[in-house]
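Engineer: Pasting a structure below so you can have a look.
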Amino acid sequence: MPRLGVVSLDLQLPTLPPEGWWTARVQAGRQIHEKKFLVKHFYEPLYEIFVEMPAYHLTTDDSIGGTLTGSYATDKPILGNATLIYSVKQPYTKTDDEFIEIATQHLNNVDVEEDFSLSLNEVAGKVEDLDRAEIKVDVEFTAHFTMIKSHSHSRTRIIRPNVKLSFSGTPPYVFKPGMPFMQYITVMYADGEPLETDRLESSSLSLLATVTTTQGKQVTLPEIKIPSLANHYQESHDARDALAAEASSTDESLEEEEQDLNRIDIGHAERFFTLHAQYQEFEQYRKLGIYRFEFPIPANTVALRIDAQYVESAPEDEPSAEGATTLGFSAFERLRATAHESGPHSPQIHLSTSTHDATVGHFAVMHVRRNFHTDRFNYMILSKGLMIYSSSEPTGLSNIITFSITVSASMSPQFTIVVYAMTADAEVIADSLTVPVTSFDNMQIDLNINQHKDHSKKTVE
């Protein structure tokens, strides 16, 4: 028995084992544990039928559908007729015994593959609400030449297209006065499924921060706004055209009046390059629905409120669906944070990183901010419960210090860096940050789910 208390053993079954339930018994001291498993003869089928459907459909879709395919063990397509039986249960948390048959379809001369669909209107008449309903499609396939039958099935769930916003972490949220407040916000379906890329690209997201000062005043910080991709393109084109027109006008005036290039409006150039940089900044949001934002918090702040508003533009050729605004689907979320217990104007140290994908063998760049004088600060790196490295850095005259550390294999899968310094009153001020490490950058990893096998929801291949 190994030291960890885990052992793997194999049991070789006889060539012709008796069918039925077998029992594996393990005895360790006075403890006995039994596990039953079923043994039966398995005969490889002549051919298999596969039913592929999306995992989710929306209540606003016109129909649900999928693809039916079949093939021999040699991958040669099978020709035959198929009978599809649609069943539904709502909500999907009910047992499979509560499925209700709602429709039957017959497909003749199925060869290679065949698409099928069912109107959601037929489903709506059988359940109280389409939301959280689960539809099962059972298929009976009969081969033309052998008349051998095969069965298969697939399932899909229907969800509302409602969108929700979520800030990372759990409340209560805490910020340090005078230091940046960084957070992540995610946009997803109400059940946690990610949004499609086209929906994210057609949406806008605004973040408005309001701080409460020690005098009780409320101050609004500059708004962060992510426009829709189409509007972003249009703004970039307008800025480029304005810059080109300004340059052309200046060239003409140079020929006539011999004036210099100082007449060019620097604002047009700044606007153009800012929009180009923002396109890269907003790329992760438009692909994954995740956005990292940061607000500079004034030193005299005691409370912070961040309002997030998501608005999705409705397609021009489609009417607004139920639960949507005149523009499209919208969502709102609010974050409230309180000041660190030390309060405003107290000594603070803040640690952040500009390395979001730390990789073994590369550098991770760290930034330390402080609002008190100290000649140097110390830091230590922890991973898997061990101290990997410790050192110190001089501060000089700057309140923001940037330094880098080499990411080693011993720091994966993540490491925590702790920064601390001592004030003139011998008070230790510290901050920490946990950084994930990618240690498989030199390998190609693919993860796929086999949709053609077990549909009993007991195993996943």
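Just so we're on the same page: first chain in the structure tokens is A, next is B, and so on; residues restart at 1 for each chain, and ligands are numbered from 1 in the order they show up.
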DSSP on the backbone: what in segment 49-266 of chain A comes out alpha helix (DSSP H), as a PyMOL selection string?

Structural biologist: chain A and resi 120-124+197-201+229-257+266

Engineer: Those same residues - N, CA and C atoms - I'd like them written as a short mmCIF file (atom, residue, chain, number, x, y, z; two decimals), in the first residue's frame.

Structural biologist:
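To be explicit, this is the file written out as out.cif:
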```cif
data_model
loop_
_atom_site.label_atom_id
_atom_site.label_comp_id
_atom_site.auth_asym_id
_atom_site.auth_seq_id
_atom_site.Cartn_x
_atom_site.Cartn_y
_atom_site.Cartn_z
N LEU A 120 -40.79 25.99 -32.20
CA LEU A 120 -40.96 26.20 -30.76
C LEU A 120 -42.40 26.47 -30.38
N ASN A 121 -43.23 26.83 -31.37
CA ASN A 121 -44.66 27.04 -31.07
C ASN A 121 -45.31 25.73 -30.63
N GLU A 122 -44.88 24.62 -31.23
CA GLU A 122 -45.42 23.32 -30.81
C GLU A 122 -45.00 22.97 -29.39
N VAL A 123 -43.78 23.37 -29.02
CA VAL A 123 -43.31 23.11 -27.66
C VAL A 123 -44.03 24.01 -26.67
N ALA A 124 -44.25 25.27 -27.04
CA ALA A 124 -44.87 26.23 -26.12
C ALA A 124 -46.27 25.80 -25.71
N THR A 197 -20.24 35.91 -29.74
CA THR A 197 -19.37 37.02 -30.11
C THR A 197 -20.14 38.13 -30.81
N ASP A 198 -21.08 37.76 -31.69
CA ASP A 198 -21.81 38.80 -32.43
C ASP A 198 -22.68 39.65 -31.51
N ARG A 199 -23.20 39.06 -30.43
CA ARG A 199 -23.98 39.84 -29.48
C ARG A 199 -23.09 40.80 -28.71
N LEU A 200 -21.91 40.34 -28.33
CA LEU A 200 -20.99 41.21 -27.61
C LEU A 200 -20.51 42.36 -28.50
N GLU A 201 -20.27 42.06 -29.77
CA GLU A 201 -19.79 43.11 -30.67
C GLU A 201 -20.85 44.16 -30.95
N LEU A 229 -18.98 47.58 -31.72
CA LEU A 229 -17.90 47.51 -32.69
C LEU A 229 -18.17 48.39 -33.90
N ALA A 230 -19.43 48.44 -34.34
CA ALA A 230 -19.77 49.27 -35.50
C ALA A 230 -19.55 50.75 -35.18
N ASN A 231 -19.99 51.19 -34.00
CA ASN A 231 -19.79 52.59 -33.62
C ASN A 231 -18.30 52.91 -33.43
N HIS A 232 -17.56 51.92 -32.92
CA HIS A 232 -16.12 52.13 -32.73
C HIS A 232 -15.44 52.34 -34.08
N TYR A 233 -15.80 51.51 -35.05
CA TYR A 233 -15.25 51.67 -36.40
C TYR A 233 -15.60 53.04 -36.98
N GLN A 234 -16.86 53.45 -36.78
CA GLN A 234 -17.31 54.72 -37.34
C GLN A 234 -16.56 55.90 -36.70
N GLU A 235 -16.37 55.85 -35.38
CA GLU A 235 -15.62 56.91 -34.72
C GLU A 235 -14.17 56.96 -35.21
N SER A 236 -13.56 55.79 -35.42
CA SER A 236 -12.18 55.75 -35.92
C SER A 236 -12.09 56.34 -37.33
N HIS A 237 -13.05 56.00 -38.17
CA HIS A 237 -13.05 56.54 -39.54
C HIS A 237 -13.26 58.04 -39.53
N ASP A 238 -14.16 58.53 -38.68
CA ASP A 238 -14.41 59.97 -38.60
C ASP A 238 -13.17 60.71 -38.12
N ALA A 239 -12.47 60.15 -37.11
CA ALA A 239 -11.25 60.79 -36.61
C ALA A 239 -10.16 60.79 -37.67
N ARG A 240 -10.05 59.69 -38.42
CA ARG A 240 -9.04 59.63 -39.48
C ARG A 240 -9.35 60.62 -40.60
N ASP A 241 -10.63 60.72 -40.98
CA ASP A 241 -11.00 61.67 -42.03
C ASP A 241 -10.77 63.10 -41.59
N ALA A 242 -11.09 63.39 -40.30
CA ALA A 242 -10.87 64.75 -39.80
C ALA A 242 -9.38 65.09 -39.78
N LEU A 243 -8.55 64.10 -39.41
CA LEU A 243 -7.11 64.32 -39.39
C LEU A 243 -6.58 64.53 -40.81
N ALA A 244 -7.07 63.75 -41.77
CA ALA A 244 -6.63 63.90 -43.15
C ALA A 244 -7.06 65.24 -43.73
N ALA A 245 -8.30 65.66 -43.41
CA ALA A 245 -8.79 66.94 -43.90
C ALA A 245 -7.99 68.09 -43.31
N GLU A 246 -7.65 68.00 -42.04
CA GLU A 246 -6.86 69.05 -41.39
C GLU A 246 -5.47 69.15 -42.00
N ALA A 247 -4.87 67.98 -42.27
CA ALA A 247 -3.53 67.99 -42.87
C ALA A 247 -3.57 68.56 -44.28
N SER A 248 -4.60 68.23 -45.05
CA SER A 248 -4.73 68.75 -46.40
C SER A 248 -4.91 70.25 -46.39
N SER A 249 -5.73 70.75 -45.46
CA SER A 249 -5.96 72.20 -45.34
C SER A 249 -4.67 72.91 -44.96
N THR A 250 -3.88 72.32 -44.10
CA THR A 250 -2.63 72.95 -43.68
C THR A 250 -1.61 72.99 -44.82
N ASP A 251 -1.58 71.91 -45.65
CA ASP A 251 -0.66 71.88 -46.79
C ASP A 251 -0.98 73.01 -47.77
N GLU A 252 -2.28 73.26 -48.03
CA GLU A 252 -2.66 74.34 -48.94
C GLU A 252 -2.27 75.68 -48.38
N SER A 253 -2.49 75.87 -47.08
CA SER A 253 -2.14 77.15 -46.48
C SER A 253 -0.63 77.36 -46.46
N LEU A 254 0.15 76.25 -46.39
CA LEU A 254 1.61 76.37 -46.42
C LEU A 254 2.07 76.91 -47.77
N GLU A 255 1.43 76.44 -48.84
CA GLU A 255 1.83 76.91 -50.15
C GLU A 255 1.49 78.39 -50.34
N GLU A 256 0.34 78.81 -49.79
CA GLU A 256 -0.11 80.17 -50.01
C GLU A 256 0.49 81.14 -49.01
N GLU A 257 0.55 80.75 -47.75
CA GLU A 257 0.94 81.69 -46.71
C GLU A 257 2.22 81.29 -46.01
N ILE A 266 -4.03 68.96 -32.88
CA ILE A 266 -3.46 67.76 -32.27
C ILE A 266 -4.57 66.86 -31.72
#
```

Engineer: For Ile290 of chain A, which residue out of A:Leu386, A:Ile185, A:Met179, A:Ile306 is the nearest one, using only C-alpha atoms?

Structural biologist: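 Between A:Leu386, A:Ile185, A:Met179, A:Ile306, the residue approaching Ile290 of chain A most closely is A:Ile185.
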
Engineer: Residues near Val418 of chain A, anyone? I mean within 7 Å using only C-alpha atoms, not counting same-chain ones fewer than 5 positions away, as a PyMOL selection string.

Structural biologist: chain A and resi 379-381+431-433

Engineer: Can I get the selection written as a PDB file, in the first residue's frame, with N, CA and C atoms?

Structural biologist:
```pdb
ATOM      1  N   TYR A 379       9.873  42.128  -0.521  1.00  0.00           N
ATOM      2  CA  TYR A 379       8.847  41.268  -1.094  1.00  0.00           C
ATOM      3  C   TYR A 379       9.297  39.819  -1.003  1.00  0.00           C
ATOM      4  N   MET A 380       8.323  38.932  -0.967  1.00  0.00           N
ATOM      5  CA  MET A 380       8.600  37.500  -0.982  1.00  0.00           C
ATOM      6  C   MET A 380       7.573  36.805  -1.873  1.00  0.00           C
ATOM      7  N   ILE A 381       8.019  35.717  -2.478  1.00  0.00           N
ATOM      8  CA  ILE A 381       7.191  34.973  -3.423  1.00  0.00           C
ATOM      9  C   ILE A 381       6.875  33.617  -2.821  1.00  0.00           C
ATOM     10  N   ASP A 431       0.800  44.435   1.165  1.00  0.00           N
ATOM     11  CA  ASP A 431      -0.205  44.103   0.163  1.00  0.00           C
ATOM     12  C   ASP A 431       0.265  42.840  -0.552  1.00  0.00           C
ATOM     13  N   SER A 432      -0.675  42.110  -1.148  1.00  0.00           N
ATOM     14  CA  SER A 432      -0.332  40.850  -1.813  1.00  0.00           C
ATOM     15  C   SER A 432      -1.109  40.722  -3.106  1.00  0.00           C
ATOM     16  N   LEU A 433      -0.624  39.840  -3.960  1.00  0.00           N
ATOM     17  CA  LEU A 433      -1.237  39.616  -5.264  1.00  0.00           C
ATOM     18  C   LEU A 433      -0.945  38.184  -5.687  1.00  0.00           C
TER      19      LEU A 433
END
```

Engineer: Any idea what's packed within 9 Å of Thr104 of chain A, counting only C-alpha atoms, ignoring anything in its chain fewer than 6 positions away? Could you give it as a list in words?

Structural biologist: Thr83, Leu84, Ile85 and Tyr86 of chain A

Engineer: Please list as number ranges by chain every residue within 10 Å of Thr59 of chain A, counting only C-alpha atoms and excluding residues in the same chain fewer than 3 positions away.

Structural biologist: A: 56, 62-64, 120, 124, 129-133, 157-162, 321-322

Engineer: Measure the distance from atom CA of Ala337 of chain A to atom CA of Gln183 of chain A in Å and round it to one decimal.

Structural biologist: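 Calculated distance between atom CA of Ala337 of chain A and atom CA of Gln183 of chain A is 11.4 Å.
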
Engineer: Between atom CA of Lys126 of chain A and atom CA of Met53 of chain A, what is the distance in Å, rounded to a tenth?

Structural biologist: 20.6 Å

Engineer: May I have all residues of segment 77-134 of chain A that DSSP, computed from the backbone, assigns to strand (DSSP E), given as an MDAnalysis selection string?

Structural biologist: chainID A and resid 79:89 100:111 113:119 133:134

Engineer: Please produce an output containing C-alpha atoms for each residue in the selection, written as a PDB file, in the first residue's frame.

Structural biologist:
```pdb
ATOM      1  CA  LEU A  79     -28.992   4.632 -45.842  1.00  0.00           C
ATOM      2  CA  GLY A  80     -32.411   4.212 -44.265  1.00  0.00           C
ATOM      3  CA  ASN A  81     -35.501   5.750 -42.687  1.00  0.00           C
ATOM      4  CA  ALA A  82     -35.678   7.493 -39.323  1.00  0.00           C
ATOM      5  CA  THR A  83     -38.479   8.227 -36.880  1.00  0.00           C
ATOM      6  CA  LEU A  84     -37.938  11.159 -34.509  1.00  0.00           C
ATOM      7  CA  ILE A  85     -39.911  11.455 -31.275  1.00  0.00           C
ATOM      8  CA  TYR A  86     -39.753  14.790 -29.446  1.00  0.00           C
ATOM      9  CA  SER A  87     -40.340  14.904 -25.675  1.00  0.00           C
ATOM     10  CA  VAL A  88     -40.207  17.813 -23.231  1.00  0.00           C
ATOM     11  CA  LYS A  89     -40.022  18.382 -19.483  1.00  0.00           C
ATOM     12  CA  ILE A 100     -44.031  14.350 -22.233  1.00  0.00           C
ATOM     13  CA  GLU A 101     -44.173  13.328 -25.891  1.00  0.00           C
ATOM     14  CA  ILE A 102     -45.077  16.322 -28.041  1.00  0.00           C
ATOM     15  CA  ALA A 103     -44.354  15.482 -31.689  1.00  0.00           C
ATOM     16  CA  THR A 104     -43.234  12.794 -34.148  1.00  0.00           C
ATOM     17  CA  GLN A 105     -41.398  13.211 -37.448  1.00  0.00           C
ATOM     18  CA  HIS A 106     -40.512  10.710 -40.195  1.00  0.00           C
ATOM     19  CA  LEU A 107     -37.440  11.142 -42.381  1.00  0.00           C
ATOM     20  CA  ASN A 108     -37.159   8.933 -45.453  1.00  0.00           C
ATOM     21  CA  ASN A 109     -34.045   7.963 -47.364  1.00  0.00           C
ATOM     22  CA  VAL A 110     -31.580   9.462 -44.903  1.00  0.00           C
ATOM     23  CA  ASP A 111     -28.136   9.330 -46.504  1.00  0.00           C
ATOM     24  CA  GLU A 113     -26.705  13.353 -42.936  1.00  0.00           C
ATOM     25  CA  GLU A 114     -30.094  14.961 -42.514  1.00  0.00           C
ATOM     26  CA  ASP A 115     -31.113  18.173 -40.753  1.00  0.00           C
ATOM     27  CA  PHE A 116     -34.263  18.222 -38.646  1.00  0.00           C
ATOM     28  CA  SER A 117     -36.157  20.932 -36.792  1.00  0.00           C
ATOM     29  CA  LEU A 118     -39.271  21.510 -34.710  1.00  0.00           C
ATOM     30  CA  SER A 119     -41.108  24.800 -34.291  1.00  0.00           C
ATOM     31  CA  ALA A 133     -37.382  23.448 -20.516  1.00  0.00           C
ATOM     32  CA  GLU A 134     -35.447  20.422 -21.766  1.00  0.00           C
TER      33      GLU A 134
END
```

Engineer: Would you kindly return, as an MDAnalysis selection string, each protein, DNA or RNA residue with an atom no farther than 9 Å from any atom of segment 367-373 of chain A, considering only C-alpha atoms and excluding same-chain residues fewer than 5 positions away?

Structural biologist: chainID A and resid 178:179 345:354 395 397:404 419 423:424

Engineer: Between atom CA of Glu48 of chain A and atom CA of Met147 of chain A, what is the spacing in Å?

Structural biologist: 13.8 Å

Engineer: Between A:Leu68, A:Leu221, A:Val127, A:Val187, which is the closest to Glu333 of chain A once you count only C-alpha atoms?

Structural biologist: A:Val187
